[in-house]
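What follows is the content of input.cif, which has mmCIF, C-alpha atoms; chains and numbers go by the auth columns:
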```
data_my_file
#
loop_
_atom_site.group_PDB
_atom_site.id
_atom_site.type_symbol
_atom_site.label_atom_id
_atom_site.label_comp_id
_atom_site.label_asym_id
_atom_site.label_seq_id
_atom_site.Cartn_x
_atom_site.Cartn_y
_atom_site.Cartn_z
_atom_site.B_iso_or_equiv
_atom_site.auth_seq_id
_atom_site.auth_asym_id
ATOM 1 C CA MET A 1 162.742 153.947 -154.763 0.00 3 L
ATOM 2 C CA PRO A 2 164.674 150.696 -154.109 0.00 4 L
ATOM 3 C CA ALA A 3 162.663 147.550 -154.867 0.00 5 L
ATOM 4 C CA GLU A 4 162.838 146.529 -151.181 0.00 6 L
ATOM 5 C CA ALA A 5 160.842 149.613 -150.214 0.00 7 L
ATOM 6 C CA GLN A 6 158.144 148.958 -152.833 0.00 8 L
ATOM 7 C CA ARG A 7 157.215 145.308 -152.287 0.00 9 L
ATOM 8 C CA PRO A 8 154.584 144.177 -149.757 0.00 10 L
ATOM 9 C CA ARG A 9 155.926 143.174 -146.357 0.00 11 L
ATOM 10 C CA SER A 10 155.667 139.544 -145.275 0.00 12 L
ATOM 11 C CA LEU A 11 154.246 138.466 -141.926 0.00 13 L
ATOM 12 C CA ALA A 12 157.729 137.327 -140.898 0.00 14 L
ATOM 13 C CA GLU A 13 159.135 140.794 -141.604 0.00 15 L
ATOM 14 C CA THR A 14 156.285 142.364 -139.625 0.00 16 L
ATOM 15 C CA ALA A 15 157.040 140.021 -136.722 0.00 17 L
ATOM 16 C CA TYR A 16 160.771 140.721 -136.958 0.00 18 L
ATOM 17 C CA ASP A 17 160.343 144.498 -136.859 0.00 19 L
ATOM 18 C CA ALA A 18 157.924 144.308 -133.937 0.00 20 L
ATOM 19 C CA ILE A 19 160.021 141.952 -131.804 0.00 21 L
ATOM 20 C CA GLU A 20 163.235 143.793 -132.666 0.00 22 L
ATOM 21 C CA GLN A 21 161.673 147.040 -131.445 0.00 23 L
ATOM 22 C CA MET A 22 160.425 145.363 -128.268 0.00 24 L
ATOM 23 C CA ILE A 23 164.000 144.264 -127.528 0.00 25 L
ATOM 24 C CA ILE A 24 165.646 147.560 -128.510 0.00 26 L
ATOM 25 C CA SER A 25 163.207 149.603 -126.405 0.00 27 L
ATOM 26 C CA ARG A 26 163.604 147.117 -123.523 0.00 28 L
ATOM 27 C CA ARG A 27 159.934 146.155 -123.411 0.00 29 L
ATOM 28 C CA LEU A 28 161.614 142.750 -123.514 0.00 30 L
ATOM 29 C CA THR A 29 164.470 143.252 -121.067 0.00 31 L
ATOM 30 C CA PRO A 30 167.839 141.471 -121.213 0.00 32 L
ATOM 31 C CA GLY A 31 167.507 138.140 -119.438 0.00 33 L
ATOM 32 C CA ALA A 32 163.770 137.857 -120.066 0.00 34 L
ATOM 33 C CA MET A 33 162.461 134.449 -121.173 0.00 35 L
ATOM 34 C CA VAL A 34 159.452 134.448 -123.507 0.00 36 L
ATOM 35 C CA SER A 35 157.734 131.879 -125.686 0.00 37 L
ATOM 36 C CA GLU A 36 156.808 131.865 -129.359 0.00 38 L
ATOM 37 C CA GLY A 37 153.178 131.528 -128.325 0.00 39 L
ATOM 38 C CA GLU A 38 153.288 134.598 -126.070 0.00 40 L
ATOM 39 C CA LEU A 39 154.883 136.695 -128.801 0.00 41 L
ATOM 40 C CA GLY A 40 152.427 135.434 -131.392 0.00 42 L
ATOM 41 C CA ALA A 41 149.465 136.258 -129.164 0.00 43 L
ATOM 42 C CA GLU A 42 150.739 139.776 -128.465 0.00 44 L
ATOM 43 C CA LEU A 43 151.385 140.458 -132.144 0.00 45 L
ATOM 44 C CA ALA A 44 148.278 138.611 -133.398 0.00 46 L
ATOM 45 C CA LEU A 45 150.497 136.477 -135.621 0.00 47 L
ATOM 46 C CA GLY A 46 150.923 132.735 -136.081 0.00 48 L
ATOM 47 C CA ARG A 47 153.862 130.654 -134.920 0.00 49 L
ATOM 48 C CA THR A 48 155.519 130.412 -138.341 0.00 50 L
ATOM 49 C CA PRO A 49 156.242 134.130 -138.903 0.00 51 L
ATOM 50 C CA VAL A 50 157.252 134.515 -135.231 0.00 52 L
ATOM 51 C CA ARG A 51 159.621 131.541 -135.528 0.00 53 L
ATOM 52 C CA GLU A 52 161.157 132.976 -138.705 0.00 54 L
ATOM 53 C CA ALA A 53 161.584 136.359 -137.013 0.00 55 L
ATOM 54 C CA LEU A 54 163.250 134.783 -133.990 0.00 56 L
ATOM 55 C CA ALA A 55 165.672 132.897 -136.241 0.00 57 L
ATOM 56 C CA ARG A 56 166.777 136.230 -137.736 0.00 58 L
ATOM 57 C CA LEU A 57 167.043 137.829 -134.296 0.00 59 L
ATOM 58 C CA LYS A 58 169.142 134.893 -133.129 0.00 60 L
ATOM 59 C CA SER A 59 171.500 135.381 -136.090 0.00 61 L
ATOM 60 C CA ILE A 60 172.290 138.952 -134.953 0.00 62 L
ATOM 61 C CA GLY A 61 172.632 138.025 -131.298 0.00 63 L
ATOM 62 C CA PHE A 62 169.392 139.492 -129.921 0.00 64 L
ATOM 63 C CA VAL A 63 168.007 136.195 -128.607 0.00 65 L
ATOM 64 C CA GLU A 64 168.961 132.646 -127.750 0.00 66 L
ATOM 65 C CA VAL A 65 166.416 129.926 -128.541 0.00 67 L
ATOM 66 C CA HIS A 66 166.211 127.146 -125.944 0.00 68 L
ATOM 67 C CA PRO A 67 164.019 124.193 -126.991 0.00 69 L
ATOM 68 C CA ARG A 68 161.235 123.419 -124.499 0.00 70 L
ATOM 69 C CA ARG A 69 162.276 126.400 -122.351 0.00 71 L
ATOM 70 C CA GLY A 70 161.637 129.435 -124.505 0.00 72 L
ATOM 71 C CA VAL A 71 163.454 132.380 -126.012 0.00 73 L
ATOM 72 C CA LEU A 72 166.038 134.252 -123.935 0.00 74 L
ATOM 73 C CA VAL A 73 166.714 137.938 -124.623 0.00 75 L
ATOM 74 C CA THR A 74 170.486 138.424 -124.570 0.00 76 L
ATOM 75 C CA GLN A 75 172.433 141.045 -122.657 0.00 77 L
ATOM 76 C CA VAL A 76 173.812 144.224 -124.257 0.00 78 L
ATOM 77 C CA ASP A 77 177.600 143.801 -124.458 0.00 79 L
ATOM 78 C CA ILE A 78 179.707 146.981 -124.477 0.00 80 L
ATOM 79 C CA ILE A 79 182.928 145.240 -125.563 0.00 81 L
ATOM 80 C CA LYS A 80 181.145 143.649 -128.527 0.00 82 L
ATOM 81 C CA HIS A 81 179.860 147.067 -129.481 0.00 83 L
ATOM 82 C CA LEU A 82 183.423 148.397 -129.660 0.00 84 L
ATOM 83 C CA GLU A 83 184.165 145.523 -132.038 0.00 85 L
ATOM 84 C CA LEU A 84 181.053 146.388 -134.042 0.00 86 L
ATOM 85 C CA LEU A 85 182.248 149.977 -134.458 0.00 87 L
ATOM 86 C CA GLU A 86 185.534 148.698 -135.903 0.00 88 L
ATOM 87 C CA VAL A 87 183.563 146.755 -138.505 0.00 89 L
ATOM 88 C CA ARG A 88 181.064 149.496 -139.239 0.00 90 L
ATOM 89 C CA ARG A 89 183.506 152.338 -139.879 0.00 91 L
ATOM 90 C CA PRO A 90 184.870 151.049 -143.230 0.00 92 L
ATOM 91 C CA LEU A 91 181.414 149.813 -144.257 0.00 93 L
ATOM 92 C CA ASP A 92 179.871 153.222 -143.601 0.00 94 L
ATOM 93 C CA GLU A 93 182.604 154.695 -145.790 0.00 95 L
ATOM 94 C CA THR A 94 181.668 152.198 -148.510 0.00 96 L
ATOM 95 C CA VAL A 95 177.997 153.162 -148.228 0.00 97 L
ATOM 96 C CA ALA A 96 178.906 156.837 -148.629 0.00 98 L
ATOM 97 C CA ARG A 97 181.034 156.137 -151.708 0.00 99 L
ATOM 98 C CA CYS A 98 178.237 154.094 -153.304 0.00 100 L
ATOM 99 C CA VAL A 99 175.582 156.739 -152.619 0.00 101 L
ATOM 100 C CA ILE A 100 177.800 159.485 -154.025 0.00 102 L
ATOM 101 C CA ALA A 101 178.370 157.406 -157.161 0.00 103 L
ATOM 102 C CA ARG A 102 174.842 156.022 -157.665 0.00 104 L
ATOM 103 C CA GLY A 103 172.313 157.983 -155.637 0.00 105 L
ATOM 104 C CA SER A 104 169.665 159.865 -157.583 0.00 106 L
ATOM 105 C CA ASP A 105 168.620 163.453 -156.973 0.00 107 L
ATOM 106 C CA ASP A 106 165.463 162.080 -155.302 0.00 108 L
ATOM 107 C CA ASP A 107 167.621 159.940 -152.998 0.00 109 L
ATOM 108 C CA MET A 108 169.603 163.012 -152.019 0.00 110 L
ATOM 109 C CA ALA A 109 166.434 164.988 -151.325 0.00 111 L
ATOM 110 C CA ARG A 110 165.133 162.188 -149.078 0.00 112 L
ATOM 111 C CA LEU A 111 168.441 162.077 -147.212 0.00 113 L
ATOM 112 C CA ARG A 112 168.374 165.839 -146.596 0.00 114 L
ATOM 113 C CA ALA A 113 164.805 165.525 -145.276 0.00 115 L
ATOM 114 C CA CYS A 114 165.836 162.677 -142.960 0.00 116 L
ATOM 115 C CA VAL A 115 168.699 164.580 -141.344 0.00 117 L
ATOM 116 C CA ALA A 116 166.471 167.644 -140.916 0.00 118 L
ATOM 117 C CA ASP A 117 163.966 165.420 -139.085 0.00 119 L
ATOM 118 C CA LEU A 118 166.792 163.968 -136.998 0.00 120 L
ATOM 119 C CA LEU A 119 167.808 167.424 -135.803 0.00 121 L
ATOM 120 C CA VAL A 120 164.210 168.150 -134.762 0.00 122 L
ATOM 121 C CA ALA A 121 163.994 164.851 -132.870 0.00 123 L
ATOM 122 C CA ALA A 122 167.358 165.492 -131.196 0.00 124 L
ATOM 123 C CA GLU A 123 166.259 168.924 -130.028 0.00 125 L
ATOM 124 C CA ALA A 124 163.075 167.413 -128.559 0.00 126 L
ATOM 125 C CA ARG A 125 165.154 164.775 -126.695 0.00 127 L
ATOM 126 C CA ASP A 126 162.438 162.189 -127.303 0.00 128 L
ATOM 127 C CA ARG A 127 164.268 158.848 -127.223 0.00 129 L
ATOM 128 C CA GLU A 128 161.598 156.901 -129.144 0.00 130 L
ATOM 129 C CA VAL A 129 161.281 159.473 -131.935 0.00 131 L
ATOM 130 C CA TYR A 130 165.023 160.103 -132.110 0.00 132 L
ATOM 131 C CA PHE A 131 165.902 156.454 -132.663 0.00 133 L
ATOM 132 C CA ARG A 132 163.008 155.881 -135.051 0.00 134 L
ATOM 133 C CA THR A 133 164.142 158.877 -137.106 0.00 135 L
ATOM 134 C CA LYS A 134 167.765 157.759 -137.049 0.00 136 L
ATOM 135 C CA ARG A 135 166.676 154.348 -138.322 0.00 137 L
ATOM 136 C CA SER A 136 164.819 155.980 -141.206 0.00 138 L
ATOM 137 C CA MET A 137 167.908 158.029 -142.058 0.00 139 L
ATOM 138 C CA HIS A 138 170.151 154.943 -142.080 0.00 140 L
ATOM 139 C CA GLU A 139 167.691 153.000 -144.233 0.00 141 L
ATOM 140 C CA THR A 140 167.430 155.888 -146.698 0.00 142 L
ATOM 141 C CA LEU A 141 171.206 156.168 -146.942 0.00 143 L
ATOM 142 C CA VAL A 142 171.798 152.438 -147.392 0.00 144 L
ATOM 143 C CA GLY A 143 168.940 152.156 -149.897 0.00 145 L
ATOM 144 C CA ALA A 144 170.536 154.875 -152.014 0.00 146 L
ATOM 145 C CA ALA A 145 173.740 152.799 -152.267 0.00 147 L
ATOM 146 C CA TYR A 146 171.908 150.279 -154.510 0.00 148 L
ATOM 147 C CA ASN A 147 173.940 147.314 -153.289 0.00 149 L
ATOM 148 C CA THR A 148 171.849 144.454 -151.887 0.00 150 L
ATOM 149 C CA THR A 149 174.793 142.671 -150.249 0.00 151 L
ATOM 150 C CA LEU A 150 175.826 145.847 -148.475 0.00 152 L
ATOM 151 C CA ALA A 151 172.216 146.551 -147.489 0.00 153 L
ATOM 152 C CA SER A 152 171.700 143.146 -145.832 0.00 154 L
ATOM 153 C CA THR A 153 174.973 143.484 -143.927 0.00 155 L
ATOM 154 C CA MET A 154 174.214 147.023 -142.744 0.00 156 L
ATOM 155 C CA THR A 155 170.660 146.128 -141.686 0.00 157 L
ATOM 156 C CA ALA A 156 172.005 143.697 -139.078 0.00 158 L
ATOM 157 C CA LEU A 157 174.770 146.034 -137.899 0.00 159 L
ATOM 158 C CA HIS A 158 172.405 148.999 -137.598 0.00 160 L
ATOM 159 C CA ALA A 159 169.982 146.904 -135.531 0.00 161 L
ATOM 160 C CA GLN A 160 172.768 145.956 -133.118 0.00 162 L
ATOM 161 C CA SER A 161 173.880 149.592 -132.909 0.00 163 L
ATOM 162 C CA ARG A 162 170.326 150.820 -132.252 0.00 164 L
ATOM 163 C CA ARG A 163 169.954 148.392 -129.383 0.00 165 L
ATOM 164 C CA PHE A 164 173.187 149.535 -127.771 0.00 166 L
ATOM 165 C CA TRP A 165 172.546 153.255 -128.208 0.00 167 L
ATOM 166 C CA TYR A 166 168.925 153.086 -127.054 0.00 168 L
ATOM 167 C CA THR A 167 170.276 151.765 -123.768 0.00 169 L
ATOM 168 C CA HIS A 168 173.429 153.852 -123.439 0.00 170 L
ATOM 169 C CA GLU A 169 173.256 157.107 -125.434 0.00 171 L
ATOM 170 C CA PRO A 170 172.545 160.098 -123.149 0.00 172 L
ATOM 171 C CA THR A 171 169.886 162.490 -124.399 0.00 173 L
ATOM 172 C CA ALA A 172 172.441 165.270 -123.857 0.00 174 L
ATOM 173 C CA SER A 173 174.453 163.768 -126.740 0.00 175 L
ATOM 174 C CA PHE A 174 171.551 163.657 -129.220 0.00 176 L
ATOM 175 C CA LEU A 175 172.268 167.064 -130.758 0.00 177 L
ATOM 176 C CA ASP A 176 176.013 166.453 -131.047 0.00 178 L
ATOM 177 C CA CYS A 177 175.432 163.118 -132.737 0.00 179 L
ATOM 178 C CA ALA A 178 172.747 164.534 -135.038 0.00 180 L
ATOM 179 C CA GLY A 179 175.093 167.357 -136.030 0.00 181 L
ATOM 180 C CA LEU A 180 177.747 164.834 -137.063 0.00 182 L
ATOM 181 C CA HIS A 181 175.178 163.022 -139.225 0.00 183 L
ATOM 182 C CA VAL A 182 174.174 166.341 -140.801 0.00 184 L
ATOM 183 C CA ALA A 183 177.804 166.970 -141.764 0.00 185 L
ATOM 184 C CA ILE A 184 178.098 163.527 -143.364 0.00 186 L
ATOM 185 C CA ALA A 185 174.852 164.014 -145.282 0.00 187 L
ATOM 186 C CA ALA A 186 176.041 167.402 -146.495 0.00 188 L
ATOM 187 C CA GLY A 187 179.118 165.778 -148.012 0.00 189 L
ATOM 188 C CA VAL A 188 177.145 162.909 -149.531 0.00 190 L
ATOM 189 C CA THR A 189 174.412 165.073 -151.051 0.00 191 L
ATOM 190 C CA ALA A 190 177.046 167.426 -152.487 0.00 192 L
ATOM 191 C CA ARG A 191 178.776 164.319 -153.909 0.00 193 L
ATOM 192 C CA ASP A 192 181.902 165.448 -152.068 0.00 194 L
ATOM 193 C CA ARG A 193 183.665 162.220 -151.081 0.00 195 L
ATOM 194 C CA GLU A 194 186.401 163.853 -149.031 0.00 196 L
ATOM 195 C CA THR A 195 183.933 165.799 -146.866 0.00 197 L
ATOM 196 C CA ALA A 196 181.678 162.765 -146.375 0.00 198 L
ATOM 197 C CA LEU A 197 184.539 160.460 -145.362 0.00 199 L
ATOM 198 C CA ALA A 198 186.005 163.063 -143.005 0.00 200 L
ATOM 199 C CA GLY A 199 182.567 163.369 -141.385 0.00 201 L
ATOM 200 C CA ILE A 200 182.342 159.601 -140.949 0.00 202 L
ATOM 201 C CA GLY A 201 185.743 159.622 -139.252 0.00 203 L
ATOM 202 C CA ARG A 202 184.588 162.283 -136.787 0.00 204 L
ATOM 203 C CA LEU A 203 181.338 160.412 -136.126 0.00 205 L
ATOM 204 C CA PHE A 204 183.054 157.132 -135.334 0.00 206 L
ATOM 205 C CA ASP A 205 185.631 158.790 -133.107 0.00 207 L
ATOM 206 C CA PHE A 206 182.699 160.314 -131.194 0.00 208 L
ATOM 207 C CA LEU A 207 180.832 156.983 -131.028 0.00 209 L
ATOM 208 C CA GLU A 208 183.888 155.166 -129.738 0.00 210 L
ATOM 209 C CA GLN A 209 184.367 157.760 -127.004 0.00 211 L
ATOM 210 C CA MET A 210 180.712 157.434 -125.957 0.00 212 L
ATOM 211 C CA THR A 211 180.976 153.642 -125.938 0.00 213 L
ATOM 212 C CA ARG A 212 184.039 153.694 -123.697 0.00 214 L
ATOM 213 C CA ARG A 213 182.289 156.096 -121.303 0.00 215 L
ATOM 214 C CA ALA A 214 179.382 153.633 -121.115 0.00 216 L
ATOM 215 C CA LEU A 215 181.743 151.168 -119.418 0.00 217 L
ATOM 216 C CA ASP A 216 181.664 153.419 -116.362 0.00 218 L
ATOM 217 C CA ARG A 217 177.929 153.952 -116.015 0.00 219 L
ATOM 218 C CA ARG A 218 174.713 152.002 -115.698 0.00 220 L
ATOM 219 C CA PRO A 219 172.194 151.625 -118.539 0.00 221 L
ATOM 220 C CA LEU A 220 170.129 154.789 -119.037 0.00 222 L
ATOM 221 C CA VAL A 221 166.817 152.983 -119.700 0.00 223 L
#
```
The structure given in the file should be rewritten as structure tokens.
Amino acid sequence: MPAEAQRPRSLAETAYDAIEQMIISRRLTPGAMVSEGELGAELALGRTPVREALARLKSIGFVEVHPRRGVLVTQVDIIKHLELLEVRRPLDETVARCVIARGSDDDMARLRACVADLLVAAEARDREVYFRTKRSMHETLVGAAYNTTLASTMTALHAQSRRFWYTHEPTASFLDCAGLHVAIAAGVTARDRETALAGIGRLFDFLEQMTRRALDRRPLV
């Protein structure tokens, strides 16, 4: 397993994951103003790990920190998500190439298990489980690339994507999207670069179409 998955988690990482999920799931809605103290009390954590977590969340655009006023949860921006997809497409291709070149047999087995779980979650149309499972799949894939610079970049981009899709992806699209991920994983685990990259192209064409359709409808949650 990658070293990142083996070491103990810090309090700041625990705070980051918890607050990130609160924002993604809209427990903290766009436009909400909260304080470090309120977040610390809810999470049973001190101000220092909460402050460190908020600094990371600010760096990826989830919050704005206003001294003496509090922490503002930012809006979900559809146009920025189209820009994010442009950035992610070549990086996802790079991840696939790295995993094909470096991933172990155990990594491939974990990836196959993740996409199987994603199909189950998609069929159940459970938004919480679906996005939690998709996160696990992305983390497994990126971890198997064994490139720490790529991993840190993708972690931020995946978080921004999760926030957008939690708000805007229709449950009716879960199975279609999961099927595209299955096709990519099939190429990666077979160490077939051409199949994997073709699958990534189809996925991002699909994601761009869904993003553009989101311009014409209200948030789903």
Under the PyMOL selection byres ((chain L and resi 167) around 10), which residues of this model are included? Write them out as an MDAnalysis selection string. chainID L and resid 26 78 83 133 162:166 168:172 209 212:213 216 221:222
Requested write-out: C-alpha atoms of the selected residues, as an mmCIF file, keeping the file's coordinate frame:
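This is the output file selection15.cif:
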```cif
data_model
loop_
_atom_site.group_PDB
_atom_site.id
_atom_site.type_symbol
_atom_site.label_atom_id
_atom_site.label_comp_id
_atom_site.auth_asym_id
_atom_site.auth_seq_id
_atom_site.Cartn_x
_atom_site.Cartn_y
_atom_site.Cartn_z
ATOM 1 C CA ILE L 26 165.646 147.560 -128.510
ATOM 2 C CA VAL L 78 173.812 144.224 -124.257
ATOM 3 C CA HIS L 83 179.860 147.067 -129.481
ATOM 4 C CA PHE L 133 165.902 156.454 -132.663
ATOM 5 C CA GLN L 162 172.768 145.956 -133.118
ATOM 6 C CA SER L 163 173.880 149.592 -132.909
ATOM 7 C CA ARG L 164 170.326 150.820 -132.252
ATOM 8 C CA ARG L 165 169.954 148.392 -129.383
ATOM 9 C CA PHE L 166 173.187 149.535 -127.771
ATOM 10 C CA TYR L 168 168.925 153.086 -127.054
ATOM 11 C CA THR L 169 170.276 151.765 -123.768
ATOM 12 C CA HIS L 170 173.429 153.852 -123.439
ATOM 13 C CA GLU L 171 173.256 157.107 -125.434
ATOM 14 C CA PRO L 172 172.545 160.098 -123.149
ATOM 15 C CA LEU L 209 180.832 156.983 -131.028
ATOM 16 C CA MET L 212 180.712 157.434 -125.957
ATOM 17 C CA THR L 213 180.976 153.642 -125.938
ATOM 18 C CA ALA L 216 179.382 153.633 -121.115
ATOM 19 C CA PRO L 221 172.194 151.625 -118.539
ATOM 20 C CA LEU L 222 170.129 154.789 -119.037
#
```
Residue contacts of Thr135 of chain L (8 Å, only C-alpha atoms) excluding same-chain residues fewer than 6 positions away, as a ChimeraX atom specification: /L:116,119-120,123
I need the residue nearest Val184 of chain L from this list: L:Thr50, L:Ile202, L:Arg137, L:Ile21. Use all atoms listed in the file for the distance. L:Ile202
Using only the atoms of segment 145-160 of chain L listed in the file, plus 4 Å on each side, state the axis-aligned box centre and edge lengths in Å rounded to one decimal, as JSON.
```
{"center_x": 172.4, "center_y": 148.8, "center_z": -146.1, "size_x": 14.9, "size_y": 20.2, "size_z": 24.9}
```
Determine the residue set returned by the PyMOL selection byres ((chain L and resi 55) around 8) for the present structure, and present it as a PyMOL selection string. chain L and resi 14-15+17-18+21+51-54+56-59
Select, from L:Thr155, L:Thr173, L:Thr31, L:Thr191, the residue with the minimum atom-to-atom distance to Thr76 of chain L, counting only C-alpha atoms.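 Answer, going by the shortest atom-to-atom distance: L:Thr31.
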Would you kindly return, as a list in words, each protein, DNA or RNA residue with an atom no farther than 9 Å from any atom of Met110 of chain L, considering all atoms listed in the file and excluding same-chain residues fewer than 4 positions away?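 Close residues of Met110 of chain L: Val101, Gly105, Ser106, Arg114, Ala115, Leu143, Ala146, Ala187, Val190, Thr191 and Ala192 of chain L.
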For a test of reading the model, state the distance in Å between atom CA of His140 of chain L and atom CA of Cys179 of chain L, rounded to one decimal. 13.5 Å
Quick one: everything within 12 Å of Leu30 of chain L, counting all atoms listed in the file, minus sequence neighbours fewer than 3 positions away in the same chain. Send it as an mmCIF file with C-alpha atoms, keeping the file's coordinate frame.
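What ended up in out.cif:
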```cif
data_model
loop_
_atom_site.group_PDB
_atom_site.id
_atom_site.type_symbol
_atom_site.label_atom_id
_atom_site.label_comp_id
_atom_site.auth_asym_id
_atom_site.auth_seq_id
_atom_site.Cartn_x
_atom_site.Cartn_y
_atom_site.Cartn_z
ATOM 1 C CA ALA L 20 157.924 144.308 -133.937
ATOM 2 C CA ILE L 21 160.021 141.952 -131.804
ATOM 3 C CA GLU L 22 163.235 143.793 -132.666
ATOM 4 C CA GLN L 23 161.673 147.040 -131.445
ATOM 5 C CA MET L 24 160.425 145.363 -128.268
ATOM 6 C CA ILE L 25 164.000 144.264 -127.528
ATOM 7 C CA ILE L 26 165.646 147.560 -128.510
ATOM 8 C CA SER L 27 163.207 149.603 -126.405
ATOM 9 C CA GLY L 33 167.507 138.140 -119.438
ATOM 10 C CA ALA L 34 163.770 137.857 -120.066
ATOM 11 C CA MET L 35 162.461 134.449 -121.173
ATOM 12 C CA VAL L 36 159.452 134.448 -123.507
ATOM 13 C CA SER L 37 157.734 131.879 -125.686
ATOM 14 C CA GLU L 40 153.288 134.598 -126.070
ATOM 15 C CA LEU L 41 154.883 136.695 -128.801
ATOM 16 C CA PHE L 64 169.392 139.492 -129.921
ATOM 17 C CA VAL L 65 168.007 136.195 -128.607
ATOM 18 C CA VAL L 73 163.454 132.380 -126.012
ATOM 19 C CA LEU L 74 166.038 134.252 -123.935
ATOM 20 C CA VAL L 75 166.714 137.938 -124.623
ATOM 21 C CA THR L 76 170.486 138.424 -124.570
ATOM 22 C CA GLN L 77 172.433 141.045 -122.657
ATOM 23 C CA ARG L 165 169.954 148.392 -129.383
#
```
Could you tell me which of L:Ala198, L:Ala118, L:Leu45, L:Val67 comes closest to Ala185 of chain L if we count all atoms listed in the file?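 The closest residue to Ala185 of chain L is L:Ala198.
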For each of L:Asp128, L:Asp218, L:Glu210, L:Asp107, take the minimum atom-to-atom distance to Glu88 of chain L, counting all atoms listed in the file, then give the residue where this is smallest.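 Looking only at the distances to Glu88 of chain L, the closest residue turns out to be L:Glu210.
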Counting all atoms listed in the file, the option among L:Lys136, L:Arg70, L:Arg195, L:Lys82 closest to Val97 of chain L: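 For Val97 of chain L, the nearest of the candidates is L:Arg195.
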Which neighbours of Leu177 of chain L fall inside 7 Å, counting all atoms listed in the file, when residues of the same chain fewer than 5 positions from it are skipped, and could you give them as number ranges by chain? L: 121, 124-125
Which residue of L:Gly203, L:Val117, L:Ala174, L:Lys60 approaches Arg90 of chain L most closely, using all atoms listed in the file: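 Answer, going by the shortest atom-to-atom distance: L:Gly203.
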List the residues matched by the PyMOL selection byres ((chain L and resi 154) around 12) in the displayed structure as a PDB file with C-alpha atoms, in the frame of the given file, ordered by chain and then by residue number.
```pdb
ATOM      1  CA  GLU L   6     162.838 146.529-151.181  1.00  0.00           C
ATOM      2  CA  ARG L  58     166.777 136.230-137.736  1.00  0.00           C
ATOM      3  CA  ILE L  62     172.290 138.952-134.953  1.00  0.00           C
ATOM      4  CA  LEU L  93     181.414 149.813-144.257  1.00  0.00           C
ATOM      5  CA  GLU L 141     167.691 153.000-144.233  1.00  0.00           C
ATOM      6  CA  VAL L 144     171.798 152.438-147.392  1.00  0.00           C
ATOM      7  CA  GLY L 145     168.940 152.156-149.897  1.00  0.00           C
ATOM      8  CA  ALA L 147     173.740 152.799-152.267  1.00  0.00           C
ATOM      9  CA  TYR L 148     171.908 150.279-154.510  1.00  0.00           C
ATOM     10  CA  ASN L 149     173.940 147.314-153.289  1.00  0.00           C
ATOM     11  CA  THR L 150     171.849 144.454-151.887  1.00  0.00           C
ATOM     12  CA  THR L 151     174.793 142.671-150.249  1.00  0.00           C
ATOM     13  CA  LEU L 152     175.826 145.847-148.475  1.00  0.00           C
ATOM     14  CA  ALA L 153     172.216 146.551-147.489  1.00  0.00           C
ATOM     15  CA  THR L 155     174.973 143.484-143.927  1.00  0.00           C
ATOM     16  CA  MET L 156     174.214 147.023-142.744  1.00  0.00           C
ATOM     17  CA  THR L 157     170.660 146.128-141.686  1.00  0.00           C
ATOM     18  CA  ALA L 158     172.005 143.697-139.078  1.00  0.00           C
ATOM     19  CA  LEU L 159     174.770 146.034-137.899  1.00  0.00           C
ATOM     20  CA  HIS L 160     172.405 148.999-137.598  1.00  0.00           C
ATOM     21  CA  ALA L 161     169.982 146.904-135.531  1.00  0.00           C
TER      22      ALA L 161
END
```
Interatomic distance, atom CA of Met139 of chain L to atom CA of Ala111 of chain L (Å, one decimal): 11.7 Å
